[in-house]
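Peer 1: Quick one: the structure is below, questions incoming.
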Protein chains: 2
Amino acid sequence: MRRLRDVGEHAWLKRVIARLGRVTDSRRILVGPGDDAAVVRASGRPLVLTTDTLIEDVHFRPGWSTPAALGRRAFAVNASDLAAMGGVPRFALLALEAPGGMRVADLDAVTTGFAEAARRAGARLVGGNLANGSHLAITVALIGEVPGRVVTRAGARAGDVLYVTGSLGAAGLAVRRRRLPAAPDRVRAGVVLAPVASAMIDVSDGLLQDLGHLCRASRVGAEVEIGRLPVASACRRALGSRAAEFAATAGEDYELVVAVPPGRERRLLALRRRLGCRVTRIGRLVRGPARVRVVDPAGRSLRIDRRGFDHFGR
Amino acid sequence: MRRLRDVGEHAWLKRVIARLGRVTDSRRILVGPGDDAAVVRASGRPLVLTTDTLIEDVHFRPGWSTPAALGRRAFAVNASDLAAMGGVPRFALLALEAPGGMRVADLDAVTTGFAEAARRAGARLVGGNLANGSHLAITVALIGEVPGRVVTRAGARAGDVLYVTGSLGAAGLAVRRRRLPAAPDRVRAGVVLAPVASAMIDVSDGLLQDLGHLCRASRVGAEVEIGRLPVASACRRALGSRAAEFAATAGEDYELVVAVPPGRERRLLALRRRLGCRVTRIGRLVRGPARVRVVDPAGRSLRIDRRGFDHFGR
């Protein structure tokens, strides 16, 4: 069983680049992996840029998943940020930190899983880096394009209606069960929703917390009807009456929260079939301080102390 | 003295974004830091993309430098990769891993140092990420443009003449003395040299090793005249007769090695004044296996066992 320290940085990179195949075939990629930097051609549309890191013992633990699933997830959580702007991924960079004792086959699988996820999404892995670290850390930068309208967190107004794609809670449940959650692909949904959305954000740290970011950026309040949340059935079965609150705060879902002006709701409903996932009305935006109020089916406010994830526990 | 764990991820990011100021003023940046992703406009020229990481206790140790210098260096080593393609940096992403016990003021200084270095180079910090890690790790992605000709490692031919910018050895000496080396800014030199260069690479892991990458990509051999190397005076003073060999292998210099066809050497010399640094002829490319031969002033081969740095010691 070969370890990274048996192979070395340069030899590993050379192997991986050979295994990825020539990506310069594409008319968009002038210089692929293996040079000082990649050179690509953009289409002239606005570029959308993001970066995010998955760290062993912080975002996942060894044994939670296959290395290939980890690579796929590293791509998916970054693609989710582009989706929330109405963007699609085109070019990916992969910066790896890994200990010398890591199995070469495992790091190969992380990289291959990442590259395959990128390719399925219409993007290509064009460059990266490998450095010796005390633990595995996967930092991704994605460069995408916005084919239509750019949607930020800041465009929503009081009166807009709140929707969420897919379902909530299954990812948080997976983490609680020490499994790496799957991250859905909402790139297509983001592009389809962009023309009708006044604001979007993806749910990474928990619906209530991420919706709070949207509220602060748009200077509006929000009311979420807890009874309307599309709680994943696995989460409902496992947690029963506590499922909705868990789904509202656990995070890791990578679904899109979308604010839609009431005048565009009919257009949204007409677009449903093109999203590739369901979309559920969960509340509305209101005048007042940028706070998220959670209400029960009778309209009473619920107090939910936990709001979502913060890396330093605040 | 406030630590990261006293402030929290989201509050820290909010403060940093406020401190960086609005970068959306620029007509090139449609959405700056603080949303799910940044949105920018490219000029239509080819894009050049790179990523690199600086890790505590791997690339530097605590106390080697000020945090601001660390941030500046994180920018510079990435900009060097773009320079080696003939590219200029435009947009930067900064993914930080930091322990909860890190001083907030120190992480602020890393970020500010990075953002200032980017701005001086004509680029803007448009997005980033902060995650809780066991040590400080700074991963940068740079998105740049190639204003003129794209230069790879692969275009050189036997007979081409080898030049190197600036001087070698001072950075390796700094590391040996437990100081963070300065990385020169060769972006301008890269752009000026691109029209006359057949191939370029930057010296990160050691001149001989990096030149070896250029040789393999171009399928040529190289002869380096050790007596011609522009050894930094500090290195010469400190190491005397061993200085040139040290300078050829120590790495961290972030100078450019440039192959120039003999027919373009006069044009190169005419460009010297525009480089912002000196450029020195150090050898030539030859037919044969992709190996770097080091010769003394009498033309005899020197055996140099150490070639450069590999993250896993191979």
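Each chain in the structure tokens gets a letter, A, B, ..., in the order shown, and its residues are numbered from 1; ligands are numbered from 1 in order too.
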Taking only C-alpha atoms into account and nothing else, which residues of chain A lie no more than 6 Å away from chain B? Please answer as a PyMOL selection string.

Peer 2: chain A and resi 5+8-9+36-41+44+46-52+81+128-129+131-132+310-312+314

Peer 1: Would you save the residues of that selection, restricted to N, CA, C and O atoms, as a short mmCIF file (atom, residue, chain, number, x, y, z; two decimals), in the first residue's frame?

Peer 2:
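Output saved as selection13.cif:
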data_model
loop_
_atom_site.label_atom_id
_atom_site.label_comp_id
_atom_site.auth_asym_id
_atom_site.auth_seq_id
_atom_site.Cartn_x
_atom_site.Cartn_y
_atom_site.Cartn_z
N ARG A 5 4.26 9.73 1.02
CA ARG A 5 5.70 9.95 1.24
C ARG A 5 6.55 8.97 0.43
O ARG A 5 7.74 9.21 0.23
N GLY A 8 6.02 11.04 -3.40
CA GLY A 8 6.51 12.41 -3.53
C GLY A 8 5.51 13.28 -4.24
O GLY A 8 4.67 12.82 -5.02
N GLU A 9 5.62 14.57 -3.96
CA GLU A 9 4.69 15.56 -4.50
C GLU A 9 4.71 15.59 -6.03
O GLU A 9 3.66 15.48 -6.68
N ASP A 36 2.59 26.37 -15.02
CA ASP A 36 2.56 27.24 -13.84
C ASP A 36 1.14 27.66 -13.51
O ASP A 36 0.79 27.84 -12.34
N ALA A 37 0.30 27.83 -14.52
CA ALA A 37 -1.09 28.22 -14.32
C ALA A 37 -1.87 27.72 -15.53
O ALA A 37 -1.30 27.40 -16.56
N ALA A 38 -3.18 27.61 -15.37
CA ALA A 38 -4.04 27.23 -16.49
C ALA A 38 -4.42 28.48 -17.27
O ALA A 38 -4.48 29.58 -16.71
N VAL A 39 -4.65 28.32 -18.56
CA VAL A 39 -5.11 29.44 -19.38
C VAL A 39 -6.40 29.01 -20.07
O VAL A 39 -6.45 27.95 -20.71
N VAL A 40 -7.45 29.80 -19.91
CA VAL A 40 -8.77 29.44 -20.43
C VAL A 40 -9.39 30.64 -21.13
O VAL A 40 -8.95 31.77 -20.97
N ARG A 41 -10.40 30.35 -21.93
CA ARG A 41 -11.15 31.41 -22.57
C ARG A 41 -12.53 31.51 -21.93
O ARG A 41 -13.23 30.51 -21.84
N GLY A 44 -17.34 35.81 -22.20
CA GLY A 44 -17.74 37.22 -22.24
C GLY A 44 -18.87 37.52 -21.28
O GLY A 44 -19.14 38.68 -20.98
N PRO A 46 -20.62 37.58 -17.43
CA PRO A 46 -19.99 37.83 -16.12
C PRO A 46 -19.44 36.54 -15.52
O PRO A 46 -20.04 35.47 -15.64
N LEU A 47 -18.27 36.66 -14.89
CA LEU A 47 -17.65 35.53 -14.21
C LEU A 47 -18.13 35.50 -12.76
O LEU A 47 -18.29 36.55 -12.14
N VAL A 48 -18.28 34.30 -12.22
CA VAL A 48 -18.68 34.15 -10.83
C VAL A 48 -17.62 33.29 -10.14
O VAL A 48 -17.19 32.26 -10.67
N LEU A 49 -17.12 33.76 -8.98
CA LEU A 49 -15.93 33.20 -8.35
C LEU A 49 -16.21 32.83 -6.90
O LEU A 49 -16.76 33.66 -6.16
N THR A 50 -15.80 31.64 -6.50
CA THR A 50 -15.98 31.27 -5.08
C THR A 50 -14.88 30.33 -4.64
O THR A 50 -14.20 29.71 -5.46
N THR A 51 -14.70 30.24 -3.31
CA THR A 51 -13.75 29.28 -2.74
C THR A 51 -14.31 28.75 -1.43
O THR A 51 -15.00 29.46 -0.70
N ASP A 52 -14.03 27.47 -1.16
CA ASP A 52 -14.49 26.85 0.08
C ASP A 52 -13.58 25.66 0.39
O ASP A 52 -12.98 25.09 -0.51
N ASP A 81 -22.54 27.51 -4.18
CA ASP A 81 -22.36 28.97 -4.05
C ASP A 81 -22.58 29.67 -5.39
O ASP A 81 -23.12 30.77 -5.44
N GLY A 128 -4.19 22.90 -9.85
CA GLY A 128 -4.27 22.60 -8.43
C GLY A 128 -2.92 22.64 -7.78
O GLY A 128 -1.94 23.14 -8.36
N ASN A 129 -2.88 22.11 -6.58
CA ASN A 129 -1.66 22.15 -5.79
C ASN A 129 -1.73 21.04 -4.75
O ASN A 129 -2.80 20.67 -4.31
N ALA A 131 0.21 20.08 -1.05
CA ALA A 131 1.17 20.45 -0.02
C ALA A 131 1.04 19.47 1.14
O ALA A 131 -0.01 18.87 1.37
N ASN A 132 2.13 19.34 1.87
CA ASN A 132 2.20 18.44 3.01
C ASN A 132 1.53 19.12 4.21
O ASN A 132 1.97 20.17 4.64
N ASP A 310 -21.37 27.89 13.21
CA ASP A 310 -20.29 28.88 13.09
C ASP A 310 -19.01 28.14 13.40
O ASP A 310 -18.95 27.32 14.33
N HIS A 311 -17.95 28.42 12.59
CA HIS A 311 -16.73 27.65 12.73
C HIS A 311 -16.05 27.81 14.06
O HIS A 311 -15.24 26.97 14.45
N PHE A 312 -16.29 28.92 14.74
CA PHE A 312 -15.65 29.12 16.03
C PHE A 312 -16.68 29.14 17.14
O PHE A 312 -16.48 29.72 18.20
N ARG A 314 -19.57 30.50 17.72
CA ARG A 314 -20.29 31.66 18.24
C ARG A 314 -21.70 31.68 17.70
O ARG A 314 -21.93 31.42 16.55
#

Peer 1: Residues at most 10 Å from B:Pro62, counting only C-alpha atoms, excluding those fewer than 3 positions away in the same chain, as a PyMOL selection string?

Peer 2: chain B and resi 56-57+65-67+136+178-180

Peer 1: Do a neighbour search on B:Arg278 at 8 Å with only C-alpha atoms, toss out local chain neighbours closer than 4 positions, and write the hits as a list in words.

Peer 2: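 After dropping sequence-adjacent residues, the list is Thr165, Gly166 and Arg272 of chain B.
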
Peer 1: The selected residues should be written to file as an mmCIF file, in the first residue's frame (atoms: all heavy atoms).

Peer 2:
data_model
loop_
_atom_site.group_PDB
_atom_site.id
_atom_site.type_symbol
_atom_site.label_atom_id
_atom_site.label_comp_id
_atom_site.auth_asym_id
_atom_site.auth_seq_id
_atom_site.Cartn_x
_atom_site.Cartn_y
_atom_site.Cartn_z
ATOM 1 N N THR B 165 15.618 36.126 -14.170
ATOM 2 C CA THR B 165 15.420 37.493 -13.658
ATOM 3 C C THR B 165 16.038 37.602 -12.261
ATOM 4 O O THR B 165 16.255 36.594 -11.580
ATOM 5 C CB THR B 165 13.918 37.836 -13.553
ATOM 6 O OG1 THR B 165 13.285 36.899 -12.674
ATOM 7 C CG2 THR B 165 13.239 37.816 -14.906
ATOM 8 N N GLY B 166 16.296 38.833 -11.844
ATOM 9 C CA GLY B 166 16.690 39.130 -10.456
ATOM 10 C C GLY B 166 17.892 38.358 -9.994
ATOM 11 O O GLY B 166 18.849 38.169 -10.742
ATOM 12 N N ARG B 272 15.406 45.161 -21.757
ATOM 13 C CA ARG B 272 15.909 45.079 -20.394
ATOM 14 C C ARG B 272 15.423 46.197 -19.476
ATOM 15 O O ARG B 272 15.083 45.959 -18.325
ATOM 16 C CB ARG B 272 17.440 45.141 -20.385
ATOM 17 C CG ARG B 272 18.087 43.808 -20.624
ATOM 18 C CD ARG B 272 19.594 43.985 -20.684
ATOM 19 N NE ARG B 272 20.217 42.742 -21.033
ATOM 20 C CZ ARG B 272 21.078 42.092 -20.240
ATOM 21 N NH1 ARG B 272 21.442 42.607 -19.094
ATOM 22 N NH2 ARG B 272 21.589 40.948 -20.616
#

Peer 1: Excluding B:Leu207 and residues on its chain fewer than 3 positions from it, collect all residues at most 6 Å away from it, counting only C-alpha atoms, and give them as a list in words.

Peer 2: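 In the requested format, the answer is Val203, Asp210, Leu211, Ala248 and Thr249 of chain B.
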
Peer 1: Within 12 Å of A:Ala109, counting only C-alpha atoms, which residues qualify if same-chain residues fewer than 6 places away don't, as a PyMOL selection string?

Peer 2: chain A and resi 16+19-20+65-72+102-103+115-117

Peer 1: Residues as selected, N, CA and C atoms, written as a PDB file, in the first residue's frame, can you do that?

Peer 2:
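File produced: again_39.pdb:
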ATOM      1  N   VAL A  16      -1.342  12.164 -11.549  1.00  0.00           N
ATOM      2  CA  VAL A  16      -2.731  12.629 -11.557  1.00  0.00           C
ATOM      3  C   VAL A  16      -3.032  13.364 -12.851  1.00  0.00           C
ATOM      4  N   ARG A  19      -3.538  10.950 -15.516  1.00  0.00           N
ATOM      5  CA  ARG A  19      -4.782  10.222 -15.349  1.00  0.00           C
ATOM      6  C   ARG A  19      -5.994  11.082 -15.742  1.00  0.00           C
ATOM      7  N   LEU A  20      -5.904  12.372 -15.474  1.00  0.00           N
ATOM      8  CA  LEU A  20      -7.028  13.256 -15.817  1.00  0.00           C
ATOM      9  C   LEU A  20      -7.204  13.367 -17.322  1.00  0.00           C
ATOM     10  N   SER A  65     -16.960   8.352   4.706  1.00  0.00           N
ATOM     11  CA  SER A  65     -17.346   8.157   3.306  1.00  0.00           C
ATOM     12  C   SER A  65     -16.162   7.631   2.535  1.00  0.00           C
ATOM     13  N   THR A  66     -16.393   7.302   1.277  1.00  0.00           N
ATOM     14  CA  THR A  66     -15.274   6.966   0.413  1.00  0.00           C
ATOM     15  C   THR A  66     -14.538   8.260   0.049  1.00  0.00           C
ATOM     16  N   PRO A  67     -13.254   8.165  -0.270  1.00  0.00           N
ATOM     17  CA  PRO A  67     -12.521   9.356  -0.726  1.00  0.00           C
ATOM     18  C   PRO A  67     -13.149   9.977  -1.982  1.00  0.00           C
ATOM     19  N   ALA A  68     -13.697   9.151  -2.868  1.00  0.00           N
ATOM     20  CA  ALA A  68     -14.310   9.701  -4.086  1.00  0.00           C
ATOM     21  C   ALA A  68     -15.528  10.562  -3.744  1.00  0.00           C
ATOM     22  N   ALA A  69     -16.321  10.123  -2.754  1.00  0.00           N
ATOM     23  CA  ALA A  69     -17.499  10.900  -2.336  1.00  0.00           C
ATOM     24  C   ALA A  69     -17.072  12.231  -1.734  1.00  0.00           C
ATOM     25  N   LEU A  70     -15.956  12.216  -1.050  1.00  0.00           N
ATOM     26  CA  LEU A  70     -15.411  13.448  -0.468  1.00  0.00           C
ATOM     27  C   LEU A  70     -15.034  14.430  -1.575  1.00  0.00           C
ATOM     28  N   GLY A  71     -14.392  13.921  -2.617  1.00  0.00           N
ATOM     29  CA  GLY A  71     -14.043  14.775  -3.750  1.00  0.00           C
ATOM     30  C   GLY A  71     -15.280  15.343  -4.419  1.00  0.00           C
ATOM     31  N   ARG A  72     -16.298  14.497  -4.593  1.00  0.00           N
ATOM     32  CA  ARG A  72     -17.549  14.974  -5.209  1.00  0.00           C
ATOM     33  C   ARG A  72     -18.198  16.052  -4.353  1.00  0.00           C
ATOM     34  N   MET A 102      -0.756   9.484   4.098  1.00  0.00           N
ATOM     35  CA  MET A 102      -2.024   9.200   3.414  1.00  0.00           C
ATOM     36  C   MET A 102      -1.788   8.228   2.261  1.00  0.00           C
ATOM     37  N   ARG A 103      -2.747   7.303   2.069  1.00  0.00           N
ATOM     38  CA  ARG A 103      -2.643   6.359   0.964  1.00  0.00           C
ATOM     39  C   ARG A 103      -2.769   7.083  -0.366  1.00  0.00           C
ATOM     40  N   ALA A 115     -12.874  15.611 -10.021  1.00  0.00           N
ATOM     41  CA  ALA A 115     -12.809  15.906 -11.459  1.00  0.00           C
ATOM     42  C   ALA A 115     -14.045  15.393 -12.190  1.00  0.00           C
ATOM     43  N   GLU A 116     -14.551  14.220 -11.765  1.00  0.00           N
ATOM     44  CA  GLU A 116     -15.749  13.667 -12.407  1.00  0.00           C
ATOM     45  C   GLU A 116     -16.983  14.494 -12.089  1.00  0.00           C
ATOM     46  N   ALA A 117     -17.092  14.936 -10.848  1.00  0.00           N
ATOM     47  CA  ALA A 117     -18.227  15.795 -10.480  1.00  0.00           C
ATOM     48  C   ALA A 117     -18.178  17.093 -11.285  1.00  0.00           C
TER      49      ALA A 117
END

Peer 1: Could you list, as an MDAnalysis selection string, every residue within 9 Å of A:Leu173, counting only C-alpha atoms and ignoring same-chain residues fewer than 5 positions away?

Peer 2: chainID A and resid 178:179 181 234:235 238 246:247 250

Peer 1: Could those selected residues go to a file with N, CA and C atoms, as a PDB file, in the first residue's frame?

Peer 2:
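part14.pdb, written as the output of this step:
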ATOM      1  N   ARG A 178     -22.721  10.266  11.631  1.00  0.00           N
ATOM      2  CA  ARG A 178     -21.333  10.076  11.216  1.00  0.00           C
ATOM      3  C   ARG A 178     -21.206   9.527   9.806  1.00  0.00           C
ATOM      4  N   ARG A 179     -21.997  10.106   8.945  1.00  0.00           N
ATOM      5  CA  ARG A 179     -21.858   9.807   7.517  1.00  0.00           C
ATOM      6  C   ARG A 179     -21.717  11.122   6.773  1.00  0.00           C
ATOM      7  N   PRO A 181     -22.812  13.648   4.274  1.00  0.00           N
ATOM      8  CA  PRO A 181     -24.072  13.836   3.543  1.00  0.00           C
ATOM      9  C   PRO A 181     -23.827  14.044   2.059  1.00  0.00           C
ATOM     10  N   ALA A 234     -36.518  10.954   5.848  1.00  0.00           N
ATOM     11  CA  ALA A 234     -35.619  10.256   6.779  1.00  0.00           C
ATOM     12  C   ALA A 234     -35.507  11.036   8.086  1.00  0.00           C
ATOM     13  N   CYS A 235     -35.468  12.343   7.957  1.00  0.00           N
ATOM     14  CA  CYS A 235     -35.339  13.219   9.131  1.00  0.00           C
ATOM     15  C   CYS A 235     -36.627  13.172   9.956  1.00  0.00           C
ATOM     16  N   ALA A 238     -36.808   9.881  11.786  1.00  0.00           N
ATOM     17  CA  ALA A 238     -35.835   9.733  12.874  1.00  0.00           C
ATOM     18  C   ALA A 238     -36.146  10.651  14.046  1.00  0.00           C
ATOM     19  N   PHE A 246     -35.056  20.751  13.756  1.00  0.00           N
ATOM     20  CA  PHE A 246     -33.726  20.260  13.365  1.00  0.00           C
ATOM     21  C   PHE A 246     -33.431  20.648  11.916  1.00  0.00           C
ATOM     22  N   ALA A 247     -34.396  20.429  11.032  1.00  0.00           N
ATOM     23  CA  ALA A 247     -34.189  20.717   9.609  1.00  0.00           C
ATOM     24  C   ALA A 247     -33.961  22.207   9.359  1.00  0.00           C
ATOM     25  N   ALA A 250     -29.972  22.607  11.111  1.00  0.00           N
ATOM     26  CA  ALA A 250     -28.835  21.685  11.091  1.00  0.00           C
ATOM     27  C   ALA A 250     -27.830  22.015   9.981  1.00  0.00           C
TER      28      ALA A 250
END

Peer 1: Please run DSSP on the backbone and report, as JSON, numbers by chain, all residues within stretch 21-240 of chain A that come out as helix (DSSP H, G or I).

Peer 2: {"A": [67, 68, 69, 70, 71, 72, 73, 74, 75, 76, 77, 78, 79, 80, 81, 82, 83, 104, 105, 106, 107, 108, 109, 110, 111, 112, 113, 114, 115, 116, 117, 118, 119, 120, 170, 171, 172, 173, 174, 175, 176, 187, 188, 189, 190, 191, 192, 193, 207, 208, 209, 210, 211, 212, 213, 214, 215, 216, 217, 218, 226, 227, 228, 233, 234, 235, 236, 237, 238, 239, 240]}

Peer 1: Might you pull out every residue within 9 Å of A:Leu229, with only C-alpha atoms counted and same-chain residues fewer than 5 positions away left off, and present them as a CSV table (one decimal) with N, CA and C atoms, in the first residue's frame?

Peer 2:
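That gives us around36.csv:
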chain,number,residue,atom,x,y,z
A,164,VAL,N,-38.0,27.3,-0.9
A,164,VAL,CA,-36.7,26.6,-0.8
A,164,VAL,C,-36.8,25.4,-1.7
A,167,SER,N,-35.3,19.3,-0.2
A,167,SER,CA,-35.8,19.1,1.2
A,167,SER,C,-34.6,19.4,2.2
A,168,LEU,N,-35.0,19.5,3.4
A,168,LEU,CA,-34.1,19.9,4.5
A,168,LEU,C,-34.0,18.8,5.6
A,224,VAL,N,-40.8,32.5,8.8
A,224,VAL,CA,-40.8,31.1,8.3
A,224,VAL,C,-41.9,30.3,9.0
A,244,ALA,N,-38.7,19.2,12.3
A,244,ALA,CA,-38.8,20.5,11.5
A,244,ALA,C,-37.8,21.5,12.1
A,247,ALA,N,-34.4,20.4,11.0
A,247,ALA,CA,-34.2,20.7,9.6
A,247,ALA,C,-34.0,22.2,9.4
A,248,ALA,N,-34.5,23.0,10.2
A,248,ALA,CA,-34.4,24.5,10.1
A,248,ALA,C,-33.0,25.0,10.5
A,280,THR,N,-40.6,24.7,-2.5
A,280,THR,CA,-41.7,24.8,-1.5
A,280,THR,C,-41.8,26.2,-1.0
A,281,ARG,N,-43.0,26.7,-0.9
A,281,ARG,CA,-43.2,28.0,-0.2
A,281,ARG,C,-43.1,27.8,1.3
A,282,ILE,N,-42.2,28.6,1.9
A,282,ILE,CA,-41.9,28.4,3.4
A,282,ILE,C,-42.2,29.6,4.2

Peer 1: Select, from A:Val292, A:Val77, A:Leu285, A:Val187, the residue with the minimum atom-to-atom distance to A:Val260, counting only C-alpha atoms.

Peer 2: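 Of A:Val292, A:Val77, A:Leu285, A:Val187, the one nearest A:Val260, counting only C-alpha atoms, is A:Leu285.
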